[in-house]
$ cat protein.pdb   # PDB, C-alpha atoms
MODEL        1
ATOM      1  CA  MET P   1      35.874   5.798  -8.339
ATOM      2  CA  PHE P   2      33.529   6.541 -11.217
ATOM      3  CA  ILE P   3      33.096   2.821 -11.970
ATOM      4  CA  VAL P   4      32.358   2.019  -8.324
ATOM      5  CA  ASN P   5      29.737   4.761  -8.065
ATOM      6  CA  LEU P   6      28.113   3.655 -11.315
ATOM      7  CA  THR P   7      27.978   0.067 -10.078
ATOM      8  CA  MET P   8      26.311   1.181  -6.863
ATOM      9  CA  LYS P   9      23.681   3.112  -8.801
ATOM     10  CA  ILE P  10      22.983   0.141 -11.070
ATOM     11  CA  LYS P  11      22.670  -2.111  -8.036
ATOM     12  CA  LYS P  12      20.005   0.143  -6.533
ATOM     13  CA  PHE P  13      17.898   0.379  -9.668
ATOM     14  CA  MET P  14      18.169  -3.341 -10.482
ATOM     15  CA  GLN P  15      16.022  -4.212  -7.451
ATOM     16  CA  LEU P  16      12.697  -3.761  -9.240
ATOM     17  CA  ILE P  17      12.446  -6.918 -11.310
ATOM     18  CA  PRO P  18       9.932  -6.807 -14.167
ATOM     19  CA  VAL P  19       7.562  -9.762 -14.531
ATOM     20  CA  ASN P  20       5.623 -10.646 -17.651
ATOM     21  CA  SER P  21       2.764 -12.697 -16.230
ATOM     22  CA  TYR P  22       1.131 -14.015 -13.073
ATOM     23  CA  ASP P  23       2.984 -17.301 -13.651
ATOM     24  CA  ASP P  24       6.289 -15.457 -13.156
ATOM     25  CA  ILE P  25       5.119 -14.454  -9.669
ATOM     26  CA  VAL P  26       3.902 -17.956  -8.805
ATOM     27  CA  GLN P  27       7.258 -19.422  -9.850
ATOM     28  CA  ASN P  28       9.121 -16.999  -7.581
ATOM     29  CA  ALA P  29      10.169 -19.113  -4.598
ATOM     30  CA  ASP P  30      10.300 -16.339  -1.981
ATOM     31  CA  ASP P  31       7.979 -16.862   1.006
ATOM     32  CA  LYS P  32       7.329 -13.131   1.117
ATOM     33  CA  LYS P  33       6.926 -11.193  -2.106
ATOM     34  CA  PHE P  34       6.702  -7.463  -2.759
ATOM     35  CA  ILE P  35       4.929  -6.672  -6.034
ATOM     36  CA  LEU P  36       4.568  -3.163  -7.436
ATOM     37  CA  ILE P  37       1.640  -2.949  -9.838
ATOM     38  CA  PHE P  38       1.959   0.329 -11.726
ATOM     39  CA  LYS P  39       1.392   2.099 -15.032
ATOM     40  CA  LYS P  40       4.637   3.445 -16.429
ATOM     41  CA  GLY P  41       4.397   6.980 -17.734
ATOM     42  CA  THR P  42       1.872   8.237 -15.192
ATOM     43  CA  ALA P  43       2.934  10.607 -12.431
ATOM     44  CA  HIS P  44       1.878   8.604  -9.361
ATOM     45  CA  SER P  45       3.144   5.299 -10.758
ATOM     46  CA  ASP P  46       6.517   6.742 -11.755
ATOM     47  CA  CYS P  47       6.750   8.319  -8.306
ATOM     48  CA  ALA P  48       6.122   4.961  -6.589
ATOM     49  CA  PHE P  49       8.585   3.170  -8.881
ATOM     50  CA  ASN P  50      11.325   5.731  -8.263
ATOM     51  CA  ASN P  51      10.818   5.767  -4.483
ATOM     52  CA  LEU P  52      10.789   1.973  -4.222
ATOM     53  CA  SER P  53      13.923   1.722  -6.362
ATOM     54  CA  LYS P  54      15.854   3.532  -3.627
ATOM     55  CA  ILE P  55      15.224   0.814  -1.047
ATOM     56  CA  GLU P  56      18.131  -1.543  -0.469
ATOM     57  CA  ASP P  57      18.302  -5.203   0.597
ATOM     58  CA  VAL P  58      14.947  -6.246  -0.849
ATOM     59  CA  LYS P  59      13.715  -7.735  -4.113
ATOM     60  CA  ILE P  60      10.626  -6.060  -5.560
ATOM     61  CA  LEU P  61       8.747  -7.472  -8.532
ATOM     62  CA  SER P  62       7.282  -4.867 -10.878
ATOM     63  CA  VAL P  63       4.194  -5.259 -13.045
ATOM     64  CA  ASP P  64       3.526  -2.607 -15.689
ATOM     65  CA  VAL P  65      -0.175  -2.814 -16.561
ATOM     66  CA  ASN P  66       0.592  -1.221 -19.936
ATOM     67  CA  HIS P  67       1.923  -4.658 -20.937
ATOM     68  CA  VAL P  68       0.858  -7.184 -18.281
ATOM     69  CA  ARG P  69      -2.887  -7.641 -17.810
ATOM     70  CA  ASP P  70      -3.241 -10.855 -15.790
ATOM     71  CA  VAL P  71      -1.709  -9.855 -12.442
ATOM     72  CA  HIS P  72      -3.801  -7.078 -10.900
ATOM     73  CA  THR P  73      -7.012  -9.120 -11.216
ATOM     74  CA  HIS P  74      -5.498 -11.999  -9.217
ATOM     75  CA  PHE P  75      -4.823  -9.627  -6.322
ATOM     76  CA  GLY P  76      -8.029  -7.587  -6.563
ATOM     77  CA  VAL P  77      -6.104  -4.414  -7.404
ATOM     78  CA  ASN P  78      -8.295  -1.798  -9.079
ATOM     79  CA  SER P  79      -6.008   1.228  -8.889
ATOM     80  CA  VAL P  80      -2.350   1.886  -9.559
ATOM     81  CA  PRO P  81       0.191   2.219  -8.209
ATOM     82  CA  SER P  82      -0.287  -0.494  -5.597
ATOM     83  CA  LEU P  83       2.404  -2.326  -3.664
ATOM     84  CA  VAL P  84       1.082  -5.816  -2.936
ATOM     85  CA  ILE P  85       2.698  -7.739  -0.090
ATOM     86  CA  VAL P  86       2.206 -11.495  -0.349
ATOM     87  CA  LYS P  87       3.262 -13.921   2.383
ATOM     88  CA  ASN P  88       3.016 -17.682   1.890
ATOM     89  CA  ASN P  89       0.870 -17.077  -1.211
ATOM     90  CA  LYS P  90      -1.678 -14.952   0.674
ATOM     91  CA  VAL P  91      -2.121 -11.189   0.362
ATOM     92  CA  GLU P  92      -0.929  -9.632   3.601
ATOM     93  CA  ASN P  93      -1.295  -5.962   2.698
ATOM     94  CA  ILE P  94      -1.832  -3.575  -0.219
ATOM     95  CA  VAL P  95      -0.271  -0.114  -0.056
ATOM     96  CA  LYS P  96      -1.918   2.175  -2.598
ATOM     97  CA  GLY P  97      -0.688   5.394  -4.168
ATOM     98  CA  CYS P  98       2.800   6.867  -4.183
ATOM     99  CA  GLN P  99       4.392   6.867  -0.742
ATOM    100  CA  THR P 100       7.736   8.239   0.394
ATOM    101  CA  THR P 101      10.810   6.021   0.282
ATOM    102  CA  ASN P 102      10.931   6.128   4.076
ATOM    103  CA  TYR P 103       7.317   4.936   4.352
ATOM    104  CA  TYR P 104       7.899   2.059   1.919
ATOM    105  CA  ASP P 105      11.087   1.129   3.776
ATOM    106  CA  GLN P 106       9.231   0.993   7.089
ATOM    107  CA  ILE P 107       6.464  -1.177   5.604
ATOM    108  CA  ILE P 108       8.846  -3.579   3.847
ATOM    109  CA  HIS P 109      11.252  -3.968   6.741
ATOM    110  CA  GLU P 110       8.403  -4.050   9.282
ATOM    111  CA  ARG P 111       9.682  -1.094  11.242
ATOM    112  CA  LYS P 112       7.451   1.105  13.354
ATOM    113  CA  ILE P 113       5.800   3.567  11.000
ATOM    114  CA  SER P 114       6.095   7.259  11.708
ATOM    115  CA  TYR P 115       3.239   9.253  10.186
ATOM    116  CA  THR P 116       3.436  12.976   9.538
ATOM    117  CA  THR P 117       0.979  15.455   8.083
ATOM    118  CA  ASN P 118       1.737  17.702   5.117
ATOM    119  CA  ASP P 119       3.043  20.401   7.473
ATOM    120  CA  GLY P 120       5.429  17.974   9.189
ATOM    121  CA  LYS P 121       3.433  17.456  12.374
ATOM    122  CA  PRO P 122       2.932  13.914  13.747
ATOM    123  CA  GLN P 123      -0.118  12.122  12.385
ATOM    124  CA  LYS P 124      -1.974   9.346  14.148
ATOM    125  CA  ARG P 125      -1.525   5.827  12.810
ATOM    126  CA  VAL P 126      -4.359   5.063  10.366
ATOM    127  CA  THR P 127      -5.395   1.681   8.968
ATOM    128  CA  VAL P 128      -8.316   1.268   6.573
ATOM    129  CA  TYR P 129     -10.063  -2.099   6.292
ATOM    130  CA  SER P 130     -11.811  -2.288   2.951
ATOM    131  CA  THR P 131     -12.782  -4.368  -0.081
ATOM    132  CA  PRO P 132     -12.369  -3.429  -3.763
ATOM    133  CA  THR P 133     -16.115  -3.478  -4.489
ATOM    134  CA  CYS P 134     -17.152  -1.338  -1.500
ATOM    135  CA  THR P 135     -18.358   2.094  -2.669
ATOM    136  CA  PHE P 136     -17.982   3.768   0.718
ATOM    137  CA  CYS P 137     -14.498   2.274   1.115
ATOM    138  CA  ASN P 138     -13.436   4.064  -2.051
ATOM    139  CA  LYS P 139     -15.097   7.298  -0.905
ATOM    140  CA  LEU P 140     -13.275   7.039   2.425
ATOM    141  CA  LYS P 141      -9.896   6.584   0.757
ATOM    142  CA  LYS P 142     -10.538   9.472  -1.636
ATOM    143  CA  TYR P 143     -11.412  11.589   1.397
ATOM    144  CA  PHE P 144      -8.105  10.693   3.079
ATOM    145  CA  ASN P 145      -6.143  11.257  -0.136
ATOM    146  CA  LYS P 146      -7.768  14.665  -0.606
ATOM    147  CA  HIS P 147      -6.702  15.754   2.872
ATOM    148  CA  GLY P 148      -3.220  14.244   2.735
ATOM    149  CA  ILE P 149      -3.881  11.545   5.345
ATOM    150  CA  LYS P 150      -1.403   8.665   5.160
ATOM    151  CA  TYR P 151      -2.944   5.260   5.759
ATOM    152  CA  THR P 152      -2.390   1.544   5.319
ATOM    153  CA  ASP P 153      -5.125  -0.095   3.243
ATOM    154  CA  ILE P 154      -5.935  -3.734   4.048
ATOM    155  CA  ASP P 155      -8.213  -5.652   1.678
ATOM    156  CA  VAL P 156     -10.107  -7.944   4.066
ATOM    157  CA  SER P 157     -11.629  -9.897   1.178
ATOM    158  CA  ARG P 158      -8.141 -11.314   0.571
ATOM    159  CA  ASN P 159      -6.717 -11.255   4.078
ATOM    160  CA  GLN P 160      -8.869 -13.456   6.310
ATOM    161  CA  GLN P 161      -6.618 -13.034   9.316
ATOM    162  CA  ALA P 162      -7.007  -9.244   9.109
ATOM    163  CA  ALA P 163     -10.786  -9.654   8.628
ATOM    164  CA  MET P 164     -11.039 -11.707  11.824
ATOM    165  CA  GLU P 165      -8.874  -9.227  13.720
ATOM    166  CA  MET P 166     -11.040  -6.339  12.475
ATOM    167  CA  ALA P 167     -14.225  -8.107  13.589
ATOM    168  CA  ARG P 168     -12.676  -8.904  16.970
ATOM    169  CA  LYS P 169     -11.814  -5.252  17.559
ATOM    170  CA  SER P 170     -15.109  -3.717  16.419
ATOM    171  CA  GLY P 171     -17.606  -6.540  16.812
ATOM    172  CA  GLN P 172     -18.690  -5.937  13.213
ATOM    173  CA  ARG P 173     -17.747  -7.437   9.854
ATOM    174  CA  GLY P 174     -18.927  -4.621   7.550
ATOM    175  CA  VAL P 175     -16.545  -2.271   5.771
ATOM    176  CA  PRO P 176     -15.176   0.311   5.641
ATOM    177  CA  GLN P 177     -13.652   0.392   9.072
ATOM    178  CA  THR P 178     -10.846   2.737  10.080
ATOM    179  CA  GLU P 179      -8.481   2.168  12.972
ATOM    180  CA  ILE P 180      -6.925   5.389  14.294
ATOM    181  CA  ASP P 181      -4.331   4.795  16.986
ATOM    182  CA  GLY P 182      -6.310   1.779  18.193
ATOM    183  CA  GLN P 183      -9.761   3.384  17.970
ATOM    184  CA  ILE P 184     -12.181   1.853  15.468
ATOM    185  CA  ILE P 185     -14.554   3.944  13.340
ATOM    186  CA  VAL P 186     -17.175   1.873  11.502
ATOM    187  CA  GLY P 187     -18.424   3.256   8.191
ATOM    188  CA  PHE P 188     -17.610   6.502   6.417
ATOM    189  CA  ASP P 189     -18.245   8.844   9.352
ATOM    190  CA  THR P 190     -16.668  12.152   8.323
ATOM    191  CA  ALA P 191     -17.570  13.854  11.613
ATOM    192  CA  LYS P 192     -15.628  11.347  13.716
ATOM    193  CA  LEU P 193     -12.800  11.045  11.213
ATOM    194  CA  SER P 194     -12.314  14.806  10.948
ATOM    195  CA  ARG P 195     -12.336  15.175  14.739
ATOM    196  CA  LEU P 196      -9.797  12.415  15.343
ATOM    197  CA  LEU P 197      -7.482  13.459  12.502
ATOM    198  CA  ASN P 198      -7.945  17.246  12.673
ATOM    199  CA  ILE P 199      -9.383  17.363   9.163
ATOM    200  CA  PRO P 200     -11.208  20.621   8.388
ATOM    201  CA  THR P 201     -14.969  20.084   8.142
ATOM    202  CA  GLU P 202     -16.383  20.573   4.668
TER     203      GLU P 202
ENDMDL
END

$ encode --input "protein.pdb" --output "structure tokens"
Amino acid sequence: MFIVNLTMKIKKFMQLIPVNSYDDIVQNADDKKFILIFKKGTAHSDCAFNNLSKIEDVKILSVDVNHVRDVHTHFGVNSVPSLVIVKNNKVENIVKGCQTTNYYDQIIHERKISYTTNDGKPQKRVTVYSTPTCTFCNKLKKYFNKHGIKYTDIDVSRNQQAAMEMARKSGQRGVPQTEIDGQIIVGFDTAKLSRLLNIPTE
């Protein structure tokens, strides 16, 4: 029994496969790749690594920026931890920060995502459309992080399909844009965001 349990534990924690360079990712033949870019030894990165390691039936590549420096630039990642989802060699989504195992599982297995606030109440579904060089995009995400708002971050500079869908919904191409349960907010409009998400006004 002890051997069986130990084997099961090893199986779970073997799912995060370390890569040593961008070439390792390119040579991976999977049509859809999940790549955790993190910095081992930091609280948020270790949190993301540990939570992702609990997900079964999926292969996740791990990139420790302490040792590998040529991966995050290829994907436009400027903060860690970030889970990069690549489909057919194109970035489909980037999930930043440490999320719960359940949240990662829902993203990876494309299940309907259930959002909750810090006090356990249901939270509206939030998607941020942004680019790495956009100052107000970063301010918006810091604002959400400060208030515990869970969101999916889509880098439209690397996901043209998402960029076109964003423009179709709002009629505008500028970022940031936030979609809250189907409603689009253009720009960093704290008044509208706080009203829609019940964030206390500052």

$ closest_residue --input "protein.pdb" --among "P:Ile17, P:Val126, P:Val77, P:Ile60" --to "Gln183 (chain P)" --atoms "all atoms listed in the file"
P:Val126

$ atom_distance --input "protein.pdb" --atom1 "CA of Arg69 (chain P)" --atom2 "CA of Thr152 (chain P)"
24.9 Å

$ axis_aligned_box --input "protein.pdb" --around "region 55-61 of chain P" --padding-each-side "3 Å" --output "JSON"
{"center_x": 13.5, "center_y": -3.5, "center_z": -4.0, "size_x": 15.6, "size_y": 14.5, "size_z": 15.1}

$ residues_around --input "protein.pdb" --residues "Phe188 (chain P)" --least-positions-apart "4" --cutoff "12 Å" --atoms "only C-alpha atoms" --output "list in words"
Val128, Tyr129, Ser130, Cys134, Thr135, Phe136, Cys137, Asn138, Lys139, Leu140, Lys141, Lys142, Tyr143, Phe144, Gly174, Val175, Pro176, Gln177, Thr178, Ile184, Lys192, Leu193 and Ser194 of chain P

$ write_last_selection --input "protein.pdb" --atoms "C-alpha atoms" --output "mmCIF file, in the frame of the given file"
data_model
loop_
_atom_site.group_PDB
_atom_site.id
_atom_site.type_symbol
_atom_site.label_atom_id
_atom_site.label_comp_id
_atom_site.auth_asym_id
_atom_site.auth_seq_id
_atom_site.Cartn_x
_atom_site.Cartn_y
_atom_site.Cartn_z
ATOM 1 C CA VAL P 128 -8.316 1.268 6.573
ATOM 2 C CA TYR P 129 -10.063 -2.099 6.292
ATOM 3 C CA SER P 130 -11.811 -2.288 2.951
ATOM 4 C CA CYS P 134 -17.152 -1.338 -1.500
ATOM 5 C CA THR P 135 -18.358 2.094 -2.669
ATOM 6 C CA PHE P 136 -17.982 3.768 0.718
ATOM 7 C CA CYS P 137 -14.498 2.274 1.115
ATOM 8 C CA ASN P 138 -13.436 4.064 -2.051
ATOM 9 C CA LYS P 139 -15.097 7.298 -0.905
ATOM 10 C CA LEU P 140 -13.275 7.039 2.425
ATOM 11 C CA LYS P 141 -9.896 6.584 0.757
ATOM 12 C CA LYS P 142 -10.538 9.472 -1.636
ATOM 13 C CA TYR P 143 -11.412 11.589 1.397
ATOM 14 C CA PHE P 144 -8.105 10.693 3.079
ATOM 15 C CA GLY P 174 -18.927 -4.621 7.550
ATOM 16 C CA VAL P 175 -16.545 -2.271 5.771
ATOM 17 C CA PRO P 176 -15.176 0.311 5.641
ATOM 18 C CA GLN P 177 -13.652 0.392 9.072
ATOM 19 C CA THR P 178 -10.846 2.737 10.080
ATOM 20 C CA ILE P 184 -12.181 1.853 15.468
ATOM 21 C CA LYS P 192 -15.628 11.347 13.716
ATOM 22 C CA LEU P 193 -12.800 11.045 11.213
ATOM 23 C CA SER P 194 -12.314 14.806 10.948
#

$ residues_around --input "protein.pdb" --residues "Ala162 (chain P)" --least-positions-apart "6" --cutoff "9 Å" --atoms "all atoms listed in the file" --output "number ranges by chain"
P: 92, 129, 154-156

$ atom_distance --input "protein.pdb" --atom1 "CA of Lys40 (chain P)" --atom2 "CA of Ser82 (chain P)"
12.5 Å

$ atom_distance --input "protein.pdb" --atom1 "CA of Gln123 (chain P)" --atom2 "CA of Cys47 (chain P)"
22.1 Å

$ closest_residue --input "protein.pdb" --among "P:Asn145, P:Asn51, P:Arg158, P:Val71" --to "Lys87 (chain P)" --atoms "only C-alpha atoms"
P:Arg158

$ closest_residue --input "protein.pdb" --among "P:Val186, P:Ile94, P:Leu16, P:Ala191" --to "Asp57 (chain P)" --atoms "all atoms listed in the file"
P:Leu16

$ closest_residue --input "protein.pdb" --among "P:Arg125, P:Lys33, P:His72, P:Arg168" --to "Ile149 (chain P)" --atoms "all atoms listed in the file"
P:Arg125

$ closest_residue --input "protein.pdb" --among "P:Thr101, P:Arg195, P:Ile108, P:Val95" --to "Val58 (chain P)" --atoms "all atoms listed in the file"
P:Ile108

$ resolve_selection --input "protein.pdb" --expression "the PyMOL selection byres ((chain P and resi 25) around 10)" --output "number ranges by chain"
P: 19-24, 26-30, 33-35, 61-63, 71, 89

$ closest_residue --input "protein.pdb" --among "P:Gln106, P:Asn66, P:Asn198, P:Ser53" --to "Val80 (chain P)" --atoms "all atoms listed in the file"
P:Asn66

$ build_atoms --input "protein.pdb" --residues "region 58-78 of chain P" --atoms "N, CA and C atoms" --output "CSV table (one decimal), in the frame of the given file"
chain,number,residue,atom,x,y,z
P,58,VAL,N,16.3,-5.6,-0.6
P,58,VAL,CA,14.9,-6.2,-0.8
P,58,VAL,C,14.7,-6.4,-2.3
P,59,LYS,N,14.1,-7.5,-2.7
P,59,LYS,CA,13.7,-7.7,-4.1
P,59,LYS,C,12.3,-7.4,-4.3
P,60,ILE,N,12.0,-6.5,-5.3
P,60,ILE,CA,10.6,-6.1,-5.6
P,60,ILE,C,10.3,-6.4,-7.0
P,61,LEU,N,9.2,-7.1,-7.2
P,61,LEU,CA,8.7,-7.5,-8.5
P,61,LEU,C,7.9,-6.3,-9.1
P,62,SER,N,8.1,-6.0,-10.3
P,62,SER,CA,7.3,-4.9,-10.9
P,62,SER,C,6.4,-5.3,-12.0
P,63,VAL,N,5.2,-4.9,-12.0
P,63,VAL,CA,4.2,-5.3,-13.0
P,63,VAL,C,3.7,-4.0,-13.7
P,64,ASP,N,4.0,-3.8,-14.9
P,64,ASP,CA,3.5,-2.6,-15.7
P,64,ASP,C,2.2,-3.0,-16.4
P,65,VAL,N,1.1,-2.4,-16.0
P,65,VAL,CA,-0.2,-2.8,-16.6
P,65,VAL,C,-0.3,-2.4,-18.0
P,66,ASN,N,0.6,-1.5,-18.5
P,66,ASN,CA,0.6,-1.2,-19.9
P,66,ASN,C,0.8,-2.5,-20.8
P,67,HIS,N,1.5,-3.5,-20.2
P,67,HIS,CA,1.9,-4.7,-20.9
P,67,HIS,C,1.4,-6.0,-20.3
P,68,VAL,N,1.2,-6.0,-19.0
P,68,VAL,CA,0.9,-7.2,-18.3
P,68,VAL,C,-0.5,-7.0,-17.7
P,69,ARG,N,-1.5,-7.8,-18.2
P,69,ARG,CA,-2.9,-7.6,-17.8
P,69,ARG,C,-3.5,-8.7,-16.9
P,70,ASP,N,-2.7,-9.7,-16.5
P,70,ASP,CA,-3.2,-10.9,-15.8
P,70,ASP,C,-2.8,-10.9,-14.3
P,71,VAL,N,-2.2,-9.8,-13.8
P,71,VAL,CA,-1.7,-9.9,-12.4
P,71,VAL,C,-2.6,-9.1,-11.5
P,72,HIS,N,-3.0,-7.9,-11.8
P,72,HIS,CA,-3.8,-7.1,-10.9
P,72,HIS,C,-5.1,-7.7,-10.5
P,73,THR,N,-5.7,-8.5,-11.5
P,73,THR,CA,-7.0,-9.1,-11.2
P,73,THR,C,-6.9,-10.2,-10.2
P,74,HIS,N,-5.7,-10.9,-10.2
P,74,HIS,CA,-5.5,-12.0,-9.2
P,74,HIS,C,-5.4,-11.5,-7.8
P,75,PHE,N,-5.0,-10.2,-7.6
P,75,PHE,CA,-4.8,-9.6,-6.3
P,75,PHE,C,-5.9,-8.6,-6.0
P,76,GLY,N,-6.9,-8.5,-6.8
P,76,GLY,CA,-8.0,-7.6,-6.6
P,76,GLY,C,-7.6,-6.1,-6.6
P,77,VAL,N,-6.6,-5.8,-7.3
P,77,VAL,CA,-6.1,-4.4,-7.4
P,77,VAL,C,-6.9,-3.7,-8.5
P,78,ASN,N,-7.5,-2.6,-8.1
P,78,ASN,CA,-8.3,-1.8,-9.1
P,78,ASN,C,-7.8,-0.4,-9.3
